[in-house]
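**Student:** Quick one, input.pdb (PDB, C-alpha atoms, pLDDT in the B column):
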ATOM      1  CA  MET Q   6     140.953  85.168  62.005  1.00 95.00           C
ATOM      2  CA  LYS Q   7     138.631  87.520  60.149  1.00 98.00           C
ATOM      3  CA  GLY Q   8     135.561  89.309  61.474  1.00 98.00           C
ATOM      4  CA  VAL Q   9     132.038  89.654  60.127  1.00 98.00           C
ATOM      5  CA  ILE Q  10     129.445  92.128  61.373  1.00 98.00           C
ATOM      6  CA  LEU Q  11     125.865  91.405  60.328  1.00 98.00           C
ATOM      7  CA  ALA Q  12     124.081  94.739  60.064  1.00 97.00           C
ATOM      8  CA  GLY Q  13     121.206  94.059  57.702  1.00 92.00           C
ATOM      9  CA  GLY Q  14     117.485  93.695  58.178  1.00 90.00           C
ATOM     10  CA  LEU Q  15     114.719  96.292  58.305  1.00 91.00           C
ATOM     11  CA  ALA Q  16     114.407  96.656  62.099  1.00 91.00           C
ATOM     12  CA  THR Q  17     110.647  97.030  61.934  1.00 91.00           C
ATOM     13  CA  ARG Q  18     110.478  96.750  65.736  1.00 93.00           C
ATOM     14  CA  LEU Q  19     112.156 100.145  65.881  1.00 95.00           C
ATOM     15  CA  TYR Q  20     109.852 101.981  63.492  1.00 96.00           C
ATOM     16  CA  PRO Q  21     109.582 104.987  63.167  1.00 96.00           C
ATOM     17  CA  LEU Q  22     113.249 105.432  64.188  1.00 95.00           C
ATOM     18  CA  THR Q  23     114.431 103.209  61.367  1.00 95.00           C
ATOM     19  CA  TYR Q  24     112.452 105.041  58.706  1.00 95.00           C
ATOM     20  CA  ALA Q  25     115.331 107.510  58.703  1.00 94.00           C
ATOM     21  CA  THR Q  26     118.376 105.231  58.797  1.00 95.00           C
ATOM     22  CA  ASN Q  27     119.545 101.706  59.480  1.00 96.00           C
ATOM     23  CA  LYS Q  28     119.112 100.449  63.058  1.00 96.00           C
ATOM     24  CA  HIS Q  29     122.831  99.851  63.450  1.00 97.00           C
ATOM     25  CA  LEU Q  30     123.575 103.525  62.850  1.00 97.00           C
ATOM     26  CA  LEU Q  31     121.266 104.767  65.601  1.00 97.00           C
ATOM     27  CA  PRO Q  32     123.092 106.374  68.534  1.00 96.00           C
ATOM     28  CA  VAL Q  33     124.046 104.442  71.641  1.00 97.00           C
ATOM     29  CA  TYR Q  34     125.109 107.296  73.903  1.00 95.00           C
ATOM     30  CA  ASP Q  35     127.967 108.991  72.028  1.00 95.00           C
ATOM     31  CA  LYS Q  36     128.538 106.545  69.154  1.00 96.00           C
ATOM     32  CA  PRO Q  37     126.597 104.900  66.353  1.00 97.00           C
ATOM     33  CA  MET Q  38     125.509 101.439  67.478  1.00 97.00           C
ATOM     34  CA  ILE Q  39     127.782  99.620  65.020  1.00 98.00           C
ATOM     35  CA  TYR Q  40     130.893 101.155  66.600  1.00 98.00           C
ATOM     36  CA  TYR Q  41     130.472  98.785  69.554  1.00 98.00           C
ATOM     37  CA  PRO Q  42     130.701  95.460  67.646  1.00 98.00           C
ATOM     38  CA  ILE Q  43     133.556  96.897  65.597  1.00 98.00           C
ATOM     39  CA  GLN Q  44     135.445  97.671  68.791  1.00 97.00           C
ATOM     40  CA  THR Q  45     134.735  94.191  70.152  1.00 98.00           C
ATOM     41  CA  LEU Q  46     136.402  92.637  67.098  1.00 98.00           C
ATOM     42  CA  VAL Q  47     139.319  95.073  67.013  1.00 98.00           C
ATOM     43  CA  ASN Q  48     139.974  94.559  70.733  1.00 97.00           C
ATOM     44  CA  ALA Q  49     140.164  90.823  70.015  1.00 97.00           C
ATOM     45  CA  GLY Q  50     142.945  91.464  67.493  1.00 97.00           C
ATOM     46  CA  ILE Q  51     140.782  91.165  64.372  1.00 98.00           C
ATOM     47  CA  LYS Q  52     141.799  93.719  61.758  1.00 97.00           C
ATOM     48  CA  GLU Q  53     140.035  92.407  58.631  1.00 98.00           C
ATOM     49  CA  ILE Q  54     136.285  92.984  58.824  1.00 98.00           C
ATOM     50  CA  LEU Q  55     133.325  92.519  56.510  1.00 98.00           C
ATOM     51  CA  VAL Q  56     130.100  94.429  57.210  1.00 98.00           C
ATOM     52  CA  VAL Q  57     126.969  92.879  55.697  1.00 98.00           C
ATOM     53  CA  VAL Q  58     124.245  95.458  55.099  1.00 97.00           C
ATOM     54  CA  SER Q  59     120.795  95.537  53.515  1.00 95.00           C
ATOM     55  CA  GLY Q  60     117.683  97.637  53.168  1.00 91.00           C
ATOM     56  CA  PRO Q  61     117.058 101.142  51.843  1.00 92.00           C
ATOM     57  CA  HIS Q  62     119.732 102.824  53.988  1.00 94.00           C
ATOM     58  CA  ALA Q  63     122.665 100.564  53.144  1.00 93.00           C
ATOM     59  CA  GLY Q  64     124.632 103.419  51.611  1.00 93.00           C
ATOM     60  CA  HIS Q  65     124.721 105.274  54.920  1.00 96.00           C
ATOM     61  CA  PHE Q  66     127.328 102.854  56.271  1.00 96.00           C
ATOM     62  CA  ILE Q  67     130.090 104.004  53.952  1.00 95.00           C
ATOM     63  CA  GLN Q  68     129.700 107.608  55.047  1.00 94.00           C
ATOM     64  CA  VAL Q  69     129.842 106.604  58.727  1.00 96.00           C
ATOM     65  CA  LEU Q  70     132.547 103.904  58.631  1.00 97.00           C
ATOM     66  CA  LYS Q  71     134.539 105.006  55.584  1.00 94.00           C
ATOM     67  CA  ASN Q  72     137.457 102.565  55.168  1.00 94.00           C
ATOM     68  CA  GLY Q  73     137.685 101.641  58.839  1.00 95.00           C
ATOM     69  CA  LYS Q  74     141.145 103.121  59.405  1.00 95.00           C
ATOM     70  CA  GLU Q  75     140.059 105.247  62.378  1.00 94.00           C
ATOM     71  CA  PHE Q  76     139.183 102.032  64.227  1.00 95.00           C
ATOM     72  CA  GLY Q  77     142.548 100.440  63.539  1.00 95.00           C
ATOM     73  CA  ILE Q  78     141.109  98.155  60.858  1.00 97.00           C
ATOM     74  CA  LYS Q  79     143.578  97.000  58.242  1.00 96.00           C
ATOM     75  CA  HIS Q  80     140.970  96.024  55.653  1.00 97.00           C
ATOM     76  CA  MET Q  81     137.203  96.639  55.581  1.00 97.00           C
ATOM     77  CA  GLU Q  82     134.698  95.365  53.058  1.00 97.00           C
ATOM     78  CA  PHE Q  83     130.943  95.674  52.609  1.00 97.00           C
ATOM     79  CA  ALA Q  84     128.491  93.120  51.238  1.00 97.00           C
ATOM     80  CA  TYR Q  85     124.844  93.700  50.365  1.00 97.00           C
ATOM     81  CA  GLN Q  86     122.145  91.222  51.389  1.00 96.00           C
ATOM     82  CA  GLU Q  87     119.507  91.506  48.672  1.00 94.00           C
ATOM     83  CA  ASN Q  88     116.742  90.023  50.814  1.00 93.00           C
ATOM     84  CA  PRO Q  89     116.693  91.893  54.156  1.00 91.00           C
ATOM     85  CA  LYS Q  90     114.277  89.252  55.474  1.00 90.00           C
ATOM     86  CA  GLY Q  91     116.543  86.364  54.493  1.00 92.00           C
ATOM     87  CA  GLY Q  92     117.785  85.708  58.016  1.00 93.00           C
ATOM     88  CA  ILE Q  93     121.123  85.768  59.831  1.00 95.00           C
ATOM     89  CA  ALA Q  94     122.520  82.675  58.112  1.00 96.00           C
ATOM     90  CA  ASP Q  95     121.600  84.086  54.705  1.00 96.00           C
ATOM     91  CA  ALA Q  96     123.514  87.262  55.535  1.00 97.00           C
ATOM     92  CA  LEU Q  97     126.489  85.256  56.769  1.00 98.00           C
ATOM     93  CA  SER Q  98     126.590  83.272  53.519  1.00 97.00           C
ATOM     94  CA  LEU Q  99     127.802  86.446  51.793  1.00 98.00           C
ATOM     95  CA  ALA Q 100     131.048  86.222  53.764  1.00 98.00           C
ATOM     96  CA  GLU Q 101     132.278  83.034  52.095  1.00 98.00           C
ATOM     97  CA  ASP Q 102     134.607  84.710  49.593  1.00 97.00           C
ATOM     98  CA  PHE Q 103     135.813  87.166  52.232  1.00 98.00           C
ATOM     99  CA  ALA Q 104     136.646  84.338  54.645  1.00 97.00           C
ATOM    100  CA  ASP Q 105     138.755  82.679  51.923  1.00 96.00           C
ATOM    101  CA  GLY Q 106     139.041  79.430  53.849  1.00 95.00           C
ATOM    102  CA  SER Q 107     139.781  80.987  57.230  1.00 95.00           C
ATOM    103  CA  SER Q 108     137.788  80.923  60.457  1.00 97.00           C
ATOM    104  CA  ILE Q 109     135.564  83.884  61.250  1.00 98.00           C
ATOM    105  CA  THR Q 110     134.278  85.678  64.307  1.00 98.00           C
ATOM    106  CA  VAL Q 111     130.709  86.846  63.729  1.00 98.00           C
ATOM    107  CA  ILE Q 112     128.826  89.483  65.691  1.00 98.00           C
ATOM    108  CA  LEU Q 113     125.406  90.981  65.147  1.00 97.00           C
ATOM    109  CA  GLY Q 114     125.506  94.718  64.563  1.00 97.00           C
ATOM    110  CA  ASP Q 115     123.106  95.508  67.401  1.00 96.00           C
ATOM    111  CA  ASN Q 116     125.185  93.725  70.053  1.00 96.00           C
ATOM    112  CA  THR Q 117     126.943  95.990  72.546  1.00 96.00           C
ATOM    113  CA  THR Q 118     129.382  94.402  74.965  1.00 96.00           C
ATOM    114  CA  ASP Q 119     132.480  95.271  76.938  1.00 95.00           C
ATOM    115  CA  ALA Q 120     133.515  91.609  77.193  1.00 96.00           C
ATOM    116  CA  ASP Q 121     137.024  90.637  76.103  1.00 96.00           C
ATOM    117  CA  ILE Q 122     136.866  87.712  73.663  1.00 97.00           C
ATOM    118  CA  SER Q 123     140.512  87.850  72.612  1.00 97.00           C
ATOM    119  CA  GLU Q 124     141.473  84.589  74.351  1.00 97.00           C
ATOM    120  CA  SER Q 125     138.588  82.710  72.701  1.00 96.00           C
ATOM    121  CA  VAL Q 126     139.628  84.087  69.313  1.00 97.00           C
ATOM    122  CA  LYS Q 127     143.298  83.262  69.862  1.00 97.00           C
ATOM    123  CA  ASN Q 128     142.644  79.725  71.084  1.00 96.00           C
ATOM    124  CA  PHE Q 129     140.000  78.769  68.534  1.00 97.00           C
ATOM    125  CA  LYS Q 130     140.917  75.694  66.470  1.00 94.00           C
ATOM    126  CA  LYS Q 131     137.877  74.179  64.767  1.00 96.00           C
ATOM    127  CA  GLY Q 132     134.127  73.728  64.929  1.00 97.00           C
ATOM    128  CA  ALA Q 133     131.974  76.463  66.412  1.00 97.00           C
ATOM    129  CA  MET Q 134     132.075  78.538  69.573  1.00 97.00           C
ATOM    130  CA  ILE Q 135     128.936  80.246  70.832  1.00 96.00           C
ATOM    131  CA  PHE Q 136     128.853  82.807  73.618  1.00 95.00           C
ATOM    132  CA  LEU Q 137     126.139  82.475  76.254  1.00 93.00           C
ATOM    133  CA  LYS Q 138     124.838  85.067  78.695  1.00 90.00           C
ATOM    134  CA  LYS Q 139     122.372  84.889  81.557  1.00 83.00           C
ATOM    135  CA  VAL Q 140     119.427  87.131  80.706  1.00 74.00           C
ATOM    136  CA  ALA Q 141     116.011  87.967  82.092  1.00 68.00           C
ATOM    137  CA  ASP Q 142     114.125  87.238  78.846  1.00 61.00           C
ATOM    138  CA  PRO Q 143     115.858  84.340  77.040  1.00 53.00           C
ATOM    139  CA  LYS Q 144     112.815  83.612  74.854  1.00 56.00           C
ATOM    140  CA  ARG Q 145     113.873  86.489  72.614  1.00 53.00           C
ATOM    141  CA  PHE Q 146     116.960  84.459  71.662  1.00 53.00           C
ATOM    142  CA  GLY Q 147     118.045  80.957  70.767  1.00 53.00           C
ATOM    143  CA  VAL Q 148     118.723  79.201  74.043  1.00 56.00           C
ATOM    144  CA  PRO Q 149     120.633  76.024  74.896  1.00 64.00           C
ATOM    145  CA  ARG Q 150     119.459  72.823  76.592  1.00 61.00           C
ATOM    146  CA  PHE Q 151     122.239  71.274  78.652  1.00 66.00           C
ATOM    147  CA  ASP Q 152     123.003  67.598  79.185  1.00 65.00           C
ATOM    148  CA  ASN Q 153     121.541  66.494  82.523  1.00 65.00           C
ATOM    149  CA  ASN Q 154     124.740  64.607  83.324  1.00 68.00           C
ATOM    150  CA  ASP Q 155     127.210  67.183  82.064  1.00 71.00           C
ATOM    151  CA  LYS Q 156     126.346  70.867  82.340  1.00 62.00           C
ATOM    152  CA  ASN Q 157     129.328  71.746  80.147  1.00 65.00           C
ATOM    153  CA  LYS Q 158     127.693  69.982  77.225  1.00 66.00           C
ATOM    154  CA  ILE Q 159     124.890  71.411  75.084  1.00 64.00           C
ATOM    155  CA  VAL Q 160     122.574  68.817  73.567  1.00 59.00           C
ATOM    156  CA  GLU Q 161     120.172  71.091  71.706  1.00 61.00           C
ATOM    157  CA  ILE Q 162     119.470  74.755  71.102  1.00 57.00           C
ATOM    158  CA  ILE Q 163     115.854  75.383  72.060  1.00 55.00           C
ATOM    159  CA  GLU Q 164     114.035  77.288  74.794  1.00 47.00           C
ATOM    160  CA  PRO Q 165     113.559  78.049  77.670  1.00 51.00           C
ATOM    161  CA  SER Q 166     116.722  78.469  79.766  1.00 57.00           C
ATOM    162  CA  GLU Q 167     118.298  81.166  81.905  1.00 72.00           C
ATOM    163  CA  TYR Q 168     120.984  81.468  79.239  1.00 78.00           C
ATOM    164  CA  ALA Q 169     120.644  83.157  75.876  1.00 83.00           C
ATOM    165  CA  VAL Q 170     122.808  82.502  72.848  1.00 86.00           C
ATOM    166  CA  THR Q 171     124.192  85.967  72.191  1.00 92.00           C
ATOM    167  CA  GLY Q 172     124.749  87.291  68.713  1.00 94.00           C
ATOM    168  CA  LEU Q 173     128.442  86.465  68.912  1.00 97.00           C
ATOM    169  CA  TYR Q 174     129.940  83.333  67.344  1.00 98.00           C
ATOM    170  CA  ILE Q 175     133.208  81.885  66.083  1.00 98.00           C
ATOM    171  CA  TYR Q 176     133.040  79.435  63.167  1.00 98.00           C
ATOM    172  CA  ASP Q 177     135.472  77.447  61.107  1.00 97.00           C
ATOM    173  CA  ASN Q 178     135.040  77.462  57.339  1.00 96.00           C
ATOM    174  CA  GLN Q 179     132.580  74.572  57.206  1.00 96.00           C
ATOM    175  CA  VAL Q 180     129.919  77.053  58.354  1.00 98.00           C
ATOM    176  CA  PHE Q 181     129.281  77.908  54.712  1.00 98.00           C
ATOM    177  CA  ASP Q 182     128.543  74.280  53.838  1.00 97.00           C
ATOM    178  CA  PHE Q 183     126.095  74.125  56.728  1.00 97.00           C
ATOM    179  CA  ILE Q 184     124.352  77.304  55.590  1.00 97.00           C
ATOM    180  CA  LYS Q 185     123.759  75.701  52.199  1.00 97.00           C
ATOM    181  CA  LYS Q 186     121.920  72.885  53.989  1.00 96.00           C
ATOM    182  CA  CYS Q 187     119.631  75.226  55.918  1.00 95.00           C
ATOM    183  CA  ASP Q 188     115.875  74.929  55.428  1.00 93.00           C
ATOM    184  CA  PRO Q 189     114.015  78.286  55.272  1.00 92.00           C
ATOM    185  CA  ASN Q 190     111.067  76.538  56.919  1.00 88.00           C
ATOM    186  CA  PHE Q 191     113.170  75.367  59.880  1.00 87.00           C
ATOM    187  CA  ALA Q 192     111.466  77.844  62.227  1.00 83.00           C
ATOM    188  CA  GLY Q 193     108.492  78.677  60.029  1.00 85.00           C
ATOM    189  CA  ARG Q 194     109.699  82.199  59.289  1.00 88.00           C
ATOM    190  CA  GLY Q 195     111.015  81.750  55.756  1.00 89.00           C
ATOM    191  CA  GLU Q 196     114.537  82.617  56.923  1.00 91.00           C
ATOM    192  CA  LEU Q 197     117.852  80.796  57.036  1.00 94.00           C
ATOM    193  CA  GLU Q 198     118.311  80.468  60.787  1.00 93.00           C
ATOM    194  CA  ILE Q 199     121.657  80.647  62.563  1.00 94.00           C
ATOM    195  CA  THR Q 200     120.176  78.287  65.169  1.00 92.00           C
ATOM    196  CA  GLN Q 201     119.986  75.557  62.532  1.00 94.00           C
ATOM    197  CA  VAL Q 202     123.629  76.201  61.625  1.00 96.00           C
ATOM    198  CA  ASN Q 203     124.583  75.795  65.289  1.00 94.00           C
ATOM    199  CA  ASN Q 204     122.583  72.590  65.485  1.00 93.00           C
ATOM    200  CA  PHE Q 205     124.510  71.187  62.499  1.00 95.00           C
ATOM    201  CA  TYR Q 206     127.719  71.738  64.466  1.00 96.00           C
ATOM    202  CA  LEU Q 207     126.050  70.213  67.497  1.00 93.00           C
ATOM    203  CA  LYS Q 208     125.202  67.015  65.628  1.00 93.00           C
ATOM    204  CA  LYS Q 209     128.849  66.681  64.627  1.00 95.00           C
ATOM    205  CA  GLY Q 210     129.962  67.147  68.217  1.00 93.00           C
ATOM    206  CA  GLU Q 211     131.780  70.354  67.288  1.00 96.00           C
ATOM    207  CA  LEU Q 212     129.742  72.986  69.103  1.00 95.00           C
ATOM    208  CA  ASN Q 213     131.501  74.573  72.078  1.00 93.00           C
ATOM    209  CA  TRP Q 214     130.350  77.355  74.368  1.00 93.00           C
ATOM    210  CA  ILE Q 215     131.641  79.856  76.847  1.00 94.00           C
ATOM    211  CA  GLU Q 216     129.840  82.275  79.124  1.00 93.00           C
ATOM    212  CA  LEU Q 217     130.397  85.875  78.087  1.00 93.00           C
ATOM    213  CA  ASN Q 218     131.978  87.789  80.959  1.00 91.00           C
ATOM    214  CA  GLY Q 219     131.027  91.430  81.162  1.00 92.00           C
ATOM    215  CA  TYR Q 220     128.154  93.539  79.976  1.00 94.00           C
ATOM    216  CA  TRP Q 221     126.167  92.417  76.957  1.00 95.00           C
ATOM    217  CA  LEU Q 222     122.895  93.592  75.446  1.00 92.00           C
ATOM    218  CA  ASP Q 223     121.381  93.595  72.000  1.00 90.00           C
ATOM    219  CA  ALA Q 224     119.798  96.964  71.291  1.00 93.00           C
ATOM    220  CA  GLY Q 225     117.092  95.725  68.953  1.00 92.00           C
ATOM    221  CA  THR Q 226     113.995  96.962  70.801  1.00 94.00           C
ATOM    222  CA  PHE Q 227     112.983 100.328  72.230  1.00 96.00           C
ATOM    223  CA  ASP Q 228     113.550  99.058  75.766  1.00 95.00           C
ATOM    224  CA  THR Q 229     116.960  97.509  75.151  1.00 94.00           C
ATOM    225  CA  LEU Q 230     118.070 100.487  73.058  1.00 96.00           C
ATOM    226  CA  LEU Q 231     117.302 102.732  76.028  1.00 96.00           C
ATOM    227  CA  MET Q 232     119.022 100.329  78.437  1.00 95.00           C
ATOM    228  CA  ALA Q 233     122.128 100.215  76.261  1.00 96.00           C
ATOM    229  CA  ASN Q 234     122.258 104.017  76.118  1.00 96.00           C
ATOM    230  CA  LEU Q 235     121.972 104.261  79.894  1.00 95.00           C
ATOM    231  CA  TYR Q 236     124.672 101.642  80.498  1.00 95.00           C
ATOM    232  CA  TRP Q 237     127.248 103.177  78.188  1.00 96.00           C
ATOM    233  CA  ALA Q 238     126.473 106.692  79.405  1.00 95.00           C
ATOM    234  CA  LYS Q 239     127.033 105.622  83.012  1.00 93.00           C
ATOM    235  CA  LYS Q 240     130.183 103.674  82.091  1.00 93.00           C
ATOM    236  CA  LYS Q 241     131.608 106.837  80.561  1.00 89.00           C
ATOM    237  CA  GLY Q 242     130.874 108.920  83.634  1.00 87.00           C
ATOM    238  CA  PHE Q 243     127.550 110.530  82.760  1.00 82.00           C
ATOM    239  CA  GLN Q 244     125.493 111.522  85.805  1.00 77.00           C
ATOM    240  CA  SER Q 245     121.924 112.644  85.304  1.00 69.00           C
ATOM    241  CA  LYS Q 246     120.987 115.994  86.827  1.00 64.00           C
ATOM    242  CA  ILE Q 247     117.268 115.303  86.427  1.00 58.00           C
TER     243      ILE Q 247
END
Would you mind writing the structure in this file as structure tokens?

**Tutor:**
Amino acid sequence: MKGVILAGGLATRLYPLTYATNKHLLPVYDKPMIYYPIQTLVNAGIKEILVVVSGPHAGHFIQVLKNGKEFGIKHMEFAYQENPKGGIADALSLAEDFADGSSITVILGDNTTDADISESVKNFKKGAMIFLKKVADPKRFGVPRFDNNDKNKIVEIIEPSEYAVTGLYIYDNQVFDFIKKCDPNFAGRGELEITQVNNFYLKKGELNWIELNGYWLDAGTFDTLLMANLYWAKKKGFQSKI
């Protein structure tokens, strides 16, 4: 199993912070944000990782991550997404050569979690696995609609629901064929949407899901960036004296 971290985009929702550097290099308590998804993959036993970057600050990643050895990574690569507005699936398409026929665990670079996904990675065979989490504002994410007769079965990824589809996925190698079938007008945003990729798996009956146990938050807005900082600070023993 190989790992892919998607750390592109322009993060316009975090302007003016992201005028200076890429969103995924902003601090979350005592670490750059991207350290958290790296640790999630490494803790799951994944030691070969590709980081997909884009935008004007792409070069900053090399200085921060170097060759990945300090994280216990055996092999780290970088890929550059030429269109930072191309969408998540477009960014993931750049991992095809890196995957080299193997399955991949994919995580968005702004996802911070202390969940252990090692069993899901170890037991993965084929198809796709998406990780769901109960959240207060699921409309910010792709969300699943469950079968009325079988709550363990997803019939469509839409909204609304109390569950969000987190930015954490496991795919077999057919994901790259599905990406090539994606329509940039699928959601009217001119992007290749990962939701459409998941729906391709769904139509084949190969989309599985599991609820993510533990803390999870994407730090892509001012509010969630603050919340993530507060959580990780508290987890590491910080006590405010204010």

**Student:** Go ahead and find all residues with at least one atom no further than 10 Å from (137.5, 86.4, 52.0) in the file's coordinates, using only C-alpha atoms; report them as a ChimeraX atom specification.

**Tutor:** /Q:7,53-55,82,99-107,109

**Student:** For CA of Gly91 (chain Q) and CA of Ile43 (chain Q), quote the distance in Å rounded to one decimal.

**Tutor:**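 For CA of Gly91 (chain Q) relative to CA of Ile43 (chain Q), the distance reads 22.9 Å.
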
**Student:** For Pro32 (chain Q), which residue out of Q:Gln244, Q:Ser123, Q:Asn234, Q:Asn190 is the nearest one, using only C-alpha atoms?

**Tutor:**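 Smallest distance to Pro32 (chain Q) is found for Q:Asn234.
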
**Student:** Find, counting all atoms listed in the file, the residue in Q:Phe76, Q:Trp214, Q:Tyr24, Q:Phe183 that gets nearest to Asn48 (chain Q).

**Tutor:** Q:Phe76

**Student:** One number please: CA of Phe227 (chain Q) to CA of Ile93 (chain Q), in Å, one decimal.

**Tutor:**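 Calculated distance between CA of Phe227 (chain Q) and CA of Ile93 (chain Q) is 20.8 Å.
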
**Student:** Can you measure CA of Gly14 (chain Q) to CA of Glu198 (chain Q) for me? One decimal in Å is fine.

**Tutor:**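 If I compute the distance from CA of Gly14 (chain Q) to CA of Glu198 (chain Q), I get 13.5 Å.
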
**Student:** Using all atoms listed in the file, which protein or nucleic acid residues come within 12 Å of Asn128 (chain Q)? Drop anything in the same chain fewer than 4 positions from it, and give the result as a PyMOL selection string.

**Tutor:** chain Q and resi 6+49+108+122-124+134+175

**Student:** Give as a PyMOL selection string the residues that the PyMOL selection byres ((chain Q and resi 136) around 7) matches when applied to the coordinates above.

**Tutor:** chain Q and resi 134-135+137-138+170-171+173-174+214-217

**Student:** Selected residues, C-alpha atoms, written as a compact mmCIF listing (two decimals), in the coordinates of the input, please.

**Tutor:**
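So the final result, stored in again.txt, reads:
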# COMPACT_ATOMS: atom_id res chain seq x y z
CA MET Q 134 132.07 78.54 69.57
CA ILE Q 135 128.94 80.25 70.83
CA LEU Q 137 126.14 82.48 76.25
CA LYS Q 138 124.84 85.07 78.69
CA VAL Q 170 122.81 82.50 72.85
CA THR Q 171 124.19 85.97 72.19
CA LEU Q 173 128.44 86.46 68.91
CA TYR Q 174 129.94 83.33 67.34
CA TRP Q 214 130.35 77.36 74.37
CA ILE Q 215 131.64 79.86 76.85
CA GLU Q 216 129.84 82.28 79.12
CA LEU Q 217 130.40 85.88 78.09

**Student:** Could you tell me which residues the PyMOL selection byres ((chain Q and resi 112) around 8) returns for this structure, as a ChimeraX atom specification?

**Tutor:** /Q:8-11,42,110-111,113-114,116,172-174

**Student:** Please return, as number ranges by chain, all polymer residues that have at least one atom within 12 Å of the point (116.4, 103.1, 58.1); use all atoms listed in the file and the file's own coordinate frame.

**Tutor:** Q: 12-31, 58-66, 89

**Student:** Step by step, work through what the PyMOL selection byres ((chain Q and resi 52) around 6) selects in the shown file, and finish by giving those residues as a ChimeraX atom specification.

**Tutor:** /Q:47,51,53,78-79

**Student:** I need the residue nearest Lys36 (chain Q) from this list: Q:Leu222, Q:Ala120, Q:Ala233, Q:Val57. Use all atoms listed in the file for the distance.

**Tutor:**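 With all atoms listed in the file as the atom set, the closest residue is Q:Ala233.
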
**Student:** With all atoms listed in the file as the atoms that count, which of Q:Asn213, Q:Ser125, Q:Thr229, Q:Ser98 lies nearest to Asn178 (chain Q)?

**Tutor:**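 Ranked by minimum distance to Asn178 (chain Q), first place goes to Q:Ser98.
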